[in-house]
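Engineer: mmCIF, C-alpha atoms, file input_37.cif:
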data_final
loop_
_atom_site.group_PDB
_atom_site.id
_atom_site.type_symbol
_atom_site.label_atom_id
_atom_site.label_comp_id
_atom_site.auth_asym_id
_atom_site.auth_seq_id
_atom_site.Cartn_x
_atom_site.Cartn_y
_atom_site.Cartn_z
ATOM 1 C CA MET A 1 119.681 -26.835 114.180
ATOM 2 C CA SER A 2 121.455 -26.000 117.403
ATOM 3 C CA ILE A 3 121.822 -22.451 118.772
ATOM 4 C CA ASN A 4 125.213 -21.344 120.039
ATOM 5 C CA PRO A 5 124.643 -19.102 123.084
ATOM 6 C CA LYS A 6 128.284 -17.972 123.029
ATOM 7 C CA HIS A 7 127.977 -16.814 119.414
ATOM 8 C CA ASP A 8 124.825 -14.816 120.219
ATOM 9 C CA SER A 9 126.560 -13.276 123.215
ATOM 10 C CA ASP A 10 129.556 -12.216 121.098
ATOM 11 C CA GLN A 11 127.272 -10.687 118.482
ATOM 12 C CA GLY A 12 125.429 -8.776 121.163
ATOM 13 C CA LYS A 13 128.665 -7.433 122.595
ATOM 14 C CA LYS A 14 129.842 -6.302 119.132
ATOM 15 C CA GLN A 15 126.563 -4.499 118.479
ATOM 16 C CA GLY A 16 126.768 -2.887 121.903
ATOM 17 C CA CYS A 17 130.324 -1.690 121.190
ATOM 18 C CA ARG A 18 129.258 -0.278 117.826
ATOM 19 C CA LEU A 19 126.382 1.572 119.460
ATOM 20 C CA ILE A 20 128.683 3.024 122.131
ATOM 21 C CA MET A 21 131.160 4.109 119.439
ATOM 22 C CA ILE A 22 128.403 5.782 117.436
ATOM 23 C CA VAL A 23 127.142 7.612 120.530
ATOM 24 C CA TRP A 24 130.659 8.825 121.353
ATOM 25 C CA LEU A 25 131.228 9.946 117.771
ATOM 26 C CA ILE A 26 127.994 11.943 117.889
ATOM 27 C CA ILE A 27 129.008 13.493 121.218
ATOM 28 C CA ILE A 28 132.483 14.386 119.895
ATOM 29 C CA LEU A 29 130.970 15.858 116.726
ATOM 30 C CA CYS A 30 128.502 17.970 118.730
ATOM 31 C CA VAL A 31 131.240 19.186 121.087
ATOM 32 C CA GLY A 32 133.415 20.024 118.071
ATOM 33 C CA ILE A 33 130.633 22.004 116.418
ATOM 34 C CA VAL A 34 129.880 23.949 119.608
ATOM 35 C CA ALA A 35 133.572 24.581 120.303
ATOM 36 C CA GLY A 36 134.127 25.615 116.683
ATOM 37 C CA TYR A 37 131.234 28.063 116.882
ATOM 38 C CA PHE A 38 132.639 29.748 119.980
ATOM 39 C CA VAL A 39 136.137 29.867 118.477
ATOM 40 C CA MET A 40 134.854 31.477 115.281
ATOM 41 C CA ARG A 41 132.652 33.864 117.217
ATOM 42 C CA GLY A 42 135.599 34.794 119.416
ATOM 43 C CA LEU A 43 137.801 35.508 116.399
ATOM 44 C CA GLY A 44 135.182 37.916 115.086
ATOM 45 C CA ALA A 45 134.497 39.496 118.465
ATOM 46 C CA ILE A 46 138.181 40.281 119.025
ATOM 47 C CA LEU A 47 138.178 42.455 115.906
ATOM 48 C CA ILE A 48 135.126 44.479 116.919
ATOM 49 C CA ILE A 49 135.863 47.398 119.234
ATOM 50 C CA ALA A 50 133.231 49.781 120.597
ATOM 51 C CA ASP A 51 134.770 52.200 123.079
ATOM 52 C CA PRO A 52 132.433 53.758 125.670
ATOM 53 C CA LEU A 53 131.079 56.966 124.191
ATOM 54 C CA SER A 54 131.974 60.354 125.597
ATOM 55 C CA LYS A 55 131.824 63.786 124.012
ATOM 56 C CA ALA A 56 134.583 64.643 121.542
ATOM 57 C CA ASP A 57 135.520 67.552 119.299
ATOM 58 C CA ALA A 58 135.034 65.651 116.055
ATOM 59 C CA ALA A 59 133.906 62.426 114.467
ATOM 60 C CA VAL A 60 136.258 60.953 111.872
ATOM 61 C CA ALA A 61 134.631 59.050 109.030
ATOM 62 C CA LEU A 62 137.401 56.930 107.581
ATOM 63 C CA SER A 63 137.415 56.474 103.814
ATOM 64 C CA GLY A 64 136.505 53.282 102.017
ATOM 65 C CA ASP A 65 132.716 52.975 102.152
ATOM 66 C CA ASP A 66 129.594 54.385 100.512
ATOM 67 C CA GLY A 67 128.568 56.760 103.280
ATOM 68 C CA GLU A 68 127.614 54.505 106.191
ATOM 69 C CA ARG A 69 130.399 55.989 108.301
ATOM 70 C CA VAL A 70 129.173 59.520 107.628
ATOM 71 C CA SER A 71 125.664 58.413 108.612
ATOM 72 C CA SER A 72 127.023 57.107 111.923
ATOM 73 C CA ALA A 73 128.819 60.421 112.420
ATOM 74 C CA ILE A 74 125.508 62.215 111.910
ATOM 75 C CA ASP A 75 123.976 60.085 114.674
ATOM 76 C CA LEU A 76 126.787 61.166 117.007
ATOM 77 C CA TYR A 77 126.260 64.802 115.995
ATOM 78 C CA ASN A 78 122.486 64.651 116.514
ATOM 79 C CA ASN A 79 122.991 63.110 119.954
ATOM 80 C CA GLY A 80 125.428 65.808 121.033
ATOM 81 C CA PHE A 81 128.608 63.728 121.092
ATOM 82 C CA VAL A 82 130.498 65.733 118.439
ATOM 83 C CA THR A 83 130.321 69.179 116.859
ATOM 84 C CA SER A 84 132.372 68.628 113.706
ATOM 85 C CA LEU A 85 133.257 66.014 111.118
ATOM 86 C CA VAL A 86 136.600 64.957 109.660
ATOM 87 C CA ILE A 87 136.710 63.104 106.338
ATOM 88 C CA THR A 88 139.890 61.448 105.118
ATOM 89 C CA TYR A 89 140.743 62.300 101.513
ATOM 90 C CA THR A 90 141.172 59.507 98.970
ATOM 91 C CA ASN A 91 139.988 61.057 95.704
ATOM 92 C CA PRO A 92 137.976 64.107 94.559
ATOM 93 C CA GLN A 93 134.827 62.121 93.739
ATOM 94 C CA ALA A 94 134.642 60.426 97.130
ATOM 95 C CA LYS A 95 135.416 63.716 98.882
ATOM 96 C CA ARG A 96 132.559 65.541 97.121
ATOM 97 C CA LEU A 97 130.127 62.675 97.650
ATOM 98 C CA LEU A 98 130.816 62.411 101.398
ATOM 99 C CA ILE A 99 130.691 66.175 101.959
ATOM 100 C CA ASP A 100 127.383 66.434 100.095
ATOM 101 C CA GLU A 101 125.935 63.572 102.121
ATOM 102 C CA ALA A 102 127.114 65.079 105.408
ATOM 103 C CA VAL A 103 125.580 68.457 104.554
ATOM 104 C CA GLU A 104 122.347 66.840 103.395
ATOM 105 C CA LEU A 105 122.094 64.904 106.665
ATOM 106 C CA GLY A 106 122.625 67.972 108.831
ATOM 107 C CA PHE A 107 126.297 68.923 109.215
ATOM 108 C CA SER A 108 127.142 72.569 108.685
ATOM 109 C CA PRO A 109 129.681 72.934 105.823
ATOM 110 C CA GLU A 110 131.851 75.097 108.104
ATOM 111 C CA MET A 111 132.176 72.184 110.531
ATOM 112 C CA ILE A 112 133.354 69.634 107.958
ATOM 113 C CA TYR A 113 137.117 69.181 107.579
ATOM 114 C CA VAL A 114 138.911 67.110 104.961
ATOM 115 C CA THR A 115 142.479 65.956 105.438
ATOM 116 C CA GLU A 116 144.945 67.555 103.041
ATOM 117 C CA ALA A 117 147.121 64.571 102.254
ATOM 118 C CA ARG A 118 145.718 61.921 99.941
ATOM 119 C CA VAL A 119 145.571 58.633 101.855
ATOM 120 C CA SER A 120 145.588 54.999 100.781
ATOM 121 C CA ASP A 121 145.680 53.051 104.063
ATOM 122 C CA THR A 122 144.825 53.363 107.741
ATOM 123 C CA VAL A 123 148.311 54.458 108.806
ATOM 124 C CA GLU A 124 148.245 57.320 106.315
ATOM 125 C CA GLU A 125 144.762 58.237 107.523
ATOM 126 C CA ALA A 126 145.978 58.405 111.126
ATOM 127 C CA LEU A 127 148.910 60.641 110.188
ATOM 128 C CA ALA A 128 146.715 62.899 108.052
ATOM 129 C CA VAL A 129 144.120 63.191 110.836
ATOM 130 C CA ARG A 130 146.863 64.004 113.347
ATOM 131 C CA GLN A 131 148.103 66.824 111.126
ATOM 132 C CA LEU A 132 144.630 68.268 110.565
ATOM 133 C CA ALA A 133 143.693 68.000 114.242
ATOM 134 C CA GLY A 134 146.820 69.906 115.178
ATOM 135 C CA ILE A 135 146.004 72.694 112.724
ATOM 136 C CA GLN A 136 142.349 72.946 113.794
ATOM 137 C CA GLY A 137 142.980 72.595 117.527
ATOM 138 C CA ILE A 138 141.016 69.356 117.803
ATOM 139 C CA ASP A 139 141.827 67.511 121.038
ATOM 140 C CA SER A 140 139.467 64.529 120.949
ATOM 141 C CA LEU A 141 138.188 62.238 118.217
ATOM 142 C CA ILE A 142 135.642 59.489 117.684
ATOM 143 C CA ILE A 143 136.855 57.320 114.813
ATOM 144 C CA ILE A 144 134.105 55.551 112.854
ATOM 145 C CA THR A 145 134.790 52.547 110.673
ATOM 146 C CA ASP A 146 133.479 49.104 109.748
ATOM 147 C CA PRO A 147 133.235 46.644 112.678
ATOM 148 C CA TYR A 148 135.980 44.278 111.462
ATOM 149 C CA HIS A 149 138.309 47.263 111.028
ATOM 150 C CA THR A 150 137.875 48.745 114.517
ATOM 151 C CA LEU A 151 140.610 46.840 116.367
ATOM 152 C CA ARG A 152 143.254 47.693 113.765
ATOM 153 C CA THR A 153 142.020 51.276 113.690
ATOM 154 C CA ARG A 154 142.403 51.620 117.442
ATOM 155 C CA VAL A 155 145.881 50.068 117.439
ATOM 156 C CA ILE A 156 147.080 52.308 114.610
ATOM 157 C CA PHE A 157 145.498 55.598 115.696
ATOM 158 C CA ARG A 158 146.625 55.302 119.299
ATOM 159 C CA LYS A 159 150.172 54.533 118.194
ATOM 160 C CA GLU A 160 150.391 57.171 115.452
ATOM 161 C CA LEU A 161 148.744 59.872 117.610
ATOM 162 C CA ARG A 162 150.833 59.069 120.684
ATOM 163 C CA GLY A 163 152.316 62.205 122.215
ATOM 164 C CA SER A 164 149.890 64.524 120.390
ATOM 165 C CA GLY A 165 147.554 64.971 123.345
ATOM 166 C CA ILE A 166 144.632 63.882 121.158
ATOM 167 C CA SER A 167 142.287 61.342 122.740
ATOM 168 C CA VAL A 168 140.823 58.632 120.519
ATOM 169 C CA GLN A 169 137.639 56.605 120.749
ATOM 170 C CA VAL A 170 136.771 53.994 118.135
ATOM 171 C CA ARG A 171 133.228 53.054 117.188
ATOM 172 C CA PRO A 172 131.823 50.615 114.602
ATOM 173 C CA VAL A 173 129.238 51.546 111.996
ATOM 174 C CA VAL A 174 125.770 50.822 113.355
ATOM 175 C CA GLY A 175 123.718 48.119 111.621
ATOM 176 C CA HIS A 176 126.657 46.747 109.641
ATOM 177 C CA TRP A 177 126.465 43.286 108.024
ATOM 178 C CA TYR A 178 129.660 42.072 109.752
ATOM 179 C CA ARG A 179 128.742 40.318 112.994
ATOM 180 C CA SER A 180 130.807 38.206 115.363
ATOM 181 C CA ASP A 181 128.231 35.390 115.312
ATOM 182 C CA SER A 182 127.953 34.999 111.536
ATOM 183 C CA TRP A 183 130.997 36.448 109.724
ATOM 184 C CA TRP A 184 132.208 33.016 108.553
ATOM 185 C CA MET A 185 128.972 32.414 106.640
ATOM 186 C CA SER A 186 129.939 34.727 103.779
ATOM 187 C CA PHE A 187 132.944 35.026 101.493
ATOM 188 C CA ASP A 188 133.406 38.713 102.390
ATOM 189 C CA GLY A 189 133.294 37.894 106.083
ATOM 190 C CA LEU A 190 135.996 35.264 105.696
ATOM 191 C CA ARG A 191 138.114 37.504 103.467
ATOM 192 C CA PHE A 192 137.959 40.594 105.665
ATOM 193 C CA THR A 193 138.623 38.635 108.853
ATOM 194 C CA ILE A 194 141.709 36.966 107.413
ATOM 195 C CA GLU A 195 142.911 40.287 105.965
ATOM 196 C CA GLU A 196 142.461 42.124 109.266
ATOM 197 C CA TYR A 197 144.439 39.611 111.302
ATOM 198 C CA SER A 198 147.163 39.616 108.648
ATOM 199 C CA LYS A 199 147.335 43.420 108.515
ATOM 200 C CA ILE A 200 147.433 43.725 112.302
ATOM 201 C CA PHE A 201 150.283 41.223 112.454
ATOM 202 C CA PHE A 202 152.306 42.979 109.752
ATOM 203 C CA TYR A 203 151.697 46.411 111.324
ATOM 204 C CA LEU A 204 152.887 45.201 114.724
ATOM 205 C CA ILE A 205 156.138 43.911 113.205
ATOM 206 C CA GLY A 206 156.642 47.162 111.307
ATOM 207 C CA ILE A 207 155.389 46.260 107.847
ATOM 208 C CA HIS A 208 152.473 48.189 106.351
#
If you took the structure in this file and wrote it as C-alpha cells, what would it be?

Structural biologist:
Amino acid sequence: MSINPKHDSDQGKKQGCRLIMIVWLIIILCVGIVAGYFVMRGLGAILIIADPLSKADAAVALSGDDGERVSSAIDLYNNGFVTSLVITYTNPQAKRLLIDEAVELGFSPEMIYVTEARVSDTVEEALAVRQLAGIQGIDSLIIITDPYHTLRTRVIFRKELRGSGISVQVRPVVGHWYRSDSWWMSFDGLRFTIEEYSKIFFYLIGIH
C-alpha cells in the first residue's frame, strides 16, 4: 500500500486550520464574556448614586421598603449628619410602622416629620417633601433610597426642588442586596434595572 505524502499534508493543514479556528472561537468567547460583564456592571453602576456626605437638616426615608431606609437614616443621625427625619406618607399602616421604628432606634418623636399629601411615586414624593420642607424651614436634605433607585431619585428631586433653595444629597441604603457586579444574577435585579431605565426615560420626556 502506497502512502500519499500530499494527502497527509492536506490533512495536516485542515487539522491545523480547525485548531486555529477553535482557538479563535475560544478567544472571542472569552472576550465577549469579559466585555459583557463590564457592560452589565456599568449598567448597574450608572444607576447607583452616592453623593459625598455633608451635614443636612433632615434625612428623607422614601416610602416603599420595610424599614431599611429608616435604619440608614438612624446611622446618619447617630453620626451627626442630620437632626431630623422626614417620612413620605403612603398609607396609615406604613406611616405608623416607620415612625415606631424610627423612635425605637433613637429618633425623638418631635424631630420626625411626615409629608401631608399621600404619595404613590417618586415625583409625588419630591413635591410633598418640597412642601413640608418649606413649612418646616428645612434647607438641606439627604434622600435615602434603594441603590437602583438613587439615580432617578436624584434626577427627580433636583428638578422638582429647583428654585426652592433646598440642597439635595442622595444616598443608597447600606448593605442592600442590589450590587453593580451581580444585579443580573437575580430576577428582581433584572426587573428593577429595566424598570429604572424605563422610568428615567419616560420622566425625561415628560411622562410619569

Engineer: Tell me which of A:Val173, A:Leu127, A:Glu116, A:Asp139 sits closest to Leu161 in chain A, counting only C-alpha atoms.

Structural biologist: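 When distances to Leu161 in chain A are compared using only C-alpha atoms, the smallest one comes from A:Leu127.
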
Engineer: Quick one: pull the distance between CA of Ile138 in chain A and CA of Ile166 in chain A, Å, one decimal.

Structural biologist: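 We find that CA of Ile138 in chain A and CA of Ile166 in chain A lie 7.4 Å from each other.
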
Engineer: Can you list every residue of range 149-181 of chain A that has an atom at most 9 Å from range 189-208 of chain A, with its nearest atom pair and the distance in Å to one decimal, using only C-alpha atoms, ordered by chain then number, as a Markdown table?

Structural biologist:
| residue | atom | partner | partner_atom | distance |
| --- | --- | --- | --- | --- |
| A:His149 | CA | A:Glu196 | CA | 6.8 |
| A:Leu151 | CA | A:Ile200 | CA | 8.5 |
| A:Arg152 | CA | A:Ile200 | CA | 5.9 |
| A:Val155 | CA | A:Ile200 | CA | 8.3 |
| A:Ile156 | CA | A:Tyr203 | CA | 8.2 |
| A:Trp177 | CA | A:Gly189 | CA | 8.9 |
| A:Tyr178 | CA | A:Gly189 | CA | 6.6 |
| A:Arg179 | CA | A:Gly189 | CA | 8.6 |

Engineer: Which of these residues is nearest to Lys55 in chain A, using only C-alpha atoms: A:Val82, A:Ala35, A:Val123, A:Ile135?

Structural biologist: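 Going through A:Val82, A:Ala35, A:Val123, A:Ile135 one by one, the smallest distance to Lys55 in chain A is for A:Val82.
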
Engineer: Since I can't run it myself right now, could you work out what the PyMOL selection byres ((chain A and resi 131) around 12) selects here and report it as an MDAnalysis selection string?

Structural biologist: chainID A and resid 86 88 113:117 124:130 132:139 160:161 164 166

Engineer: Please dump the current selection as a PDB file, in the frame of the given file; keep C-alpha atoms.

Structural biologist:
ATOM      1  CA  VAL A  86     136.600  64.957 109.660  1.00  0.00           C
ATOM      2  CA  THR A  88     139.890  61.448 105.118  1.00  0.00           C
ATOM      3  CA  TYR A 113     137.117  69.181 107.579  1.00  0.00           C
ATOM      4  CA  VAL A 114     138.911  67.110 104.961  1.00  0.00           C
ATOM      5  CA  THR A 115     142.479  65.956 105.438  1.00  0.00           C
ATOM      6  CA  GLU A 116     144.945  67.555 103.041  1.00  0.00           C
ATOM      7  CA  ALA A 117     147.121  64.571 102.254  1.00  0.00           C
ATOM      8  CA  GLU A 124     148.245  57.320 106.315  1.00  0.00           C
ATOM      9  CA  GLU A 125     144.762  58.237 107.523  1.00  0.00           C
ATOM     10  CA  ALA A 126     145.978  58.405 111.126  1.00  0.00           C
ATOM     11  CA  LEU A 127     148.910  60.641 110.188  1.00  0.00           C
ATOM     12  CA  ALA A 128     146.715  62.899 108.052  1.00  0.00           C
ATOM     13  CA  VAL A 129     144.120  63.191 110.836  1.00  0.00           C
ATOM     14  CA  ARG A 130     146.863  64.004 113.347  1.00  0.00           C
ATOM     15  CA  LEU A 132     144.630  68.268 110.565  1.00  0.00           C
ATOM     16  CA  ALA A 133     143.693  68.000 114.242  1.00  0.00           C
ATOM     17  CA  GLY A 134     146.820  69.906 115.178  1.00  0.00           C
ATOM     18  CA  ILE A 135     146.004  72.694 112.724  1.00  0.00           C
ATOM     19  CA  GLN A 136     142.349  72.946 113.794  1.00  0.00           C
ATOM     20  CA  GLY A 137     142.980  72.595 117.527  1.00  0.00           C
ATOM     21  CA  ILE A 138     141.016  69.356 117.803  1.00  0.00           C
ATOM     22  CA  ASP A 139     141.827  67.511 121.038  1.00  0.00           C
ATOM     23  CA  GLU A 160     150.391  57.171 115.452  1.00  0.00           C
ATOM     24  CA  LEU A 161     148.744  59.872 117.610  1.00  0.00           C
ATOM     25  CA  SER A 164     149.890  64.524 120.390  1.00  0.00           C
ATOM     26  CA  ILE A 166     144.632  63.882 121.158  1.00  0.00           C
TER      27      ILE A 166
END

Engineer: Could you work out how far CA of Ile144 in chain A lies from CA of Glu68 in chain A, giving the answer in Å with one decimal?

Structural biologist: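 Spanning CA of Glu68 in chain A to CA of Ile144 in chain A is a straight-line distance of 9.4 Å.
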
Engineer: Excluding same-chain residues fewer than 6 positions from Arg41 in chain A, what lies within 10 Å of it counting all atoms listed in the file, as a ChimeraX atom specification?

Structural biologist: /A:35,179-184

Engineer: Quick one: residues within 12 Å of Val70 in chain A, all atoms listed in the file, excluding same-chain residues fewer than 6 positions away - as number ranges by chain?

Structural biologist: A: 58-64, 76-77, 84-88, 94-95, 97-107, 112, 142-146, 172-174

Engineer: With C-alpha atoms retained, write the just-selected residues as a tab-separated table (two decimals), in the coordinates of the input.

Structural biologist:
chain	number	residue	atom	x	y	z
A	58	ALA	CA	135.03	65.65	116.06
A	59	ALA	CA	133.91	62.43	114.47
A	60	VAL	CA	136.26	60.95	111.87
A	61	ALA	CA	134.63	59.05	109.03
A	62	LEU	CA	137.40	56.93	107.58
A	63	SER	CA	137.42	56.47	103.81
A	64	GLY	CA	136.50	53.28	102.02
A	76	LEU	CA	126.79	61.17	117.01
A	77	TYR	CA	126.26	64.80	116.00
A	84	SER	CA	132.37	68.63	113.71
A	85	LEU	CA	133.26	66.01	111.12
A	86	VAL	CA	136.60	64.96	109.66
A	87	ILE	CA	136.71	63.10	106.34
A	88	THR	CA	139.89	61.45	105.12
A	94	ALA	CA	134.64	60.43	97.13
A	95	LYS	CA	135.42	63.72	98.88
A	97	LEU	CA	130.13	62.68	97.65
A	98	LEU	CA	130.82	62.41	101.40
A	99	ILE	CA	130.69	66.18	101.96
A	100	ASP	CA	127.38	66.43	100.10
A	101	GLU	CA	125.94	63.57	102.12
A	102	ALA	CA	127.11	65.08	105.41
A	103	VAL	CA	125.58	68.46	104.55
A	104	GLU	CA	122.35	66.84	103.40
A	105	LEU	CA	122.09	64.90	106.66
A	106	GLY	CA	122.62	67.97	108.83
A	107	PHE	CA	126.30	68.92	109.22
A	112	ILE	CA	133.35	69.63	107.96
A	142	ILE	CA	135.64	59.49	117.68
A	143	ILE	CA	136.85	57.32	114.81
A	144	ILE	CA	134.10	55.55	112.85
A	145	THR	CA	134.79	52.55	110.67
A	146	ASP	CA	133.48	49.10	109.75
A	172	PRO	CA	131.82	50.62	114.60
A	173	VAL	CA	129.24	51.55	112.00
A	174	VAL	CA	125.77	50.82	113.36

Engineer: Quick one: which residues end up in the PyMOL selection byres ((chain A and resi 49-53) around 7) for this structure, as a list in words?

Structural biologist: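 Against this file, the PyMOL selection byres ((chain A and resi 49-53) around 7) returns the residues Leu47, Ile48, Ser54, Lys55, Thr150, Leu151, Gln169, Val170, Arg171 and Pro172 of chain A.
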
Engineer: Find the residue from A:Asp57, A:Gly44, A:Leu25, A:Asp66 that sits nearest to Phe81 in chain A; use all atoms listed in the file when measuring.

Structural biologist: A:Asp57
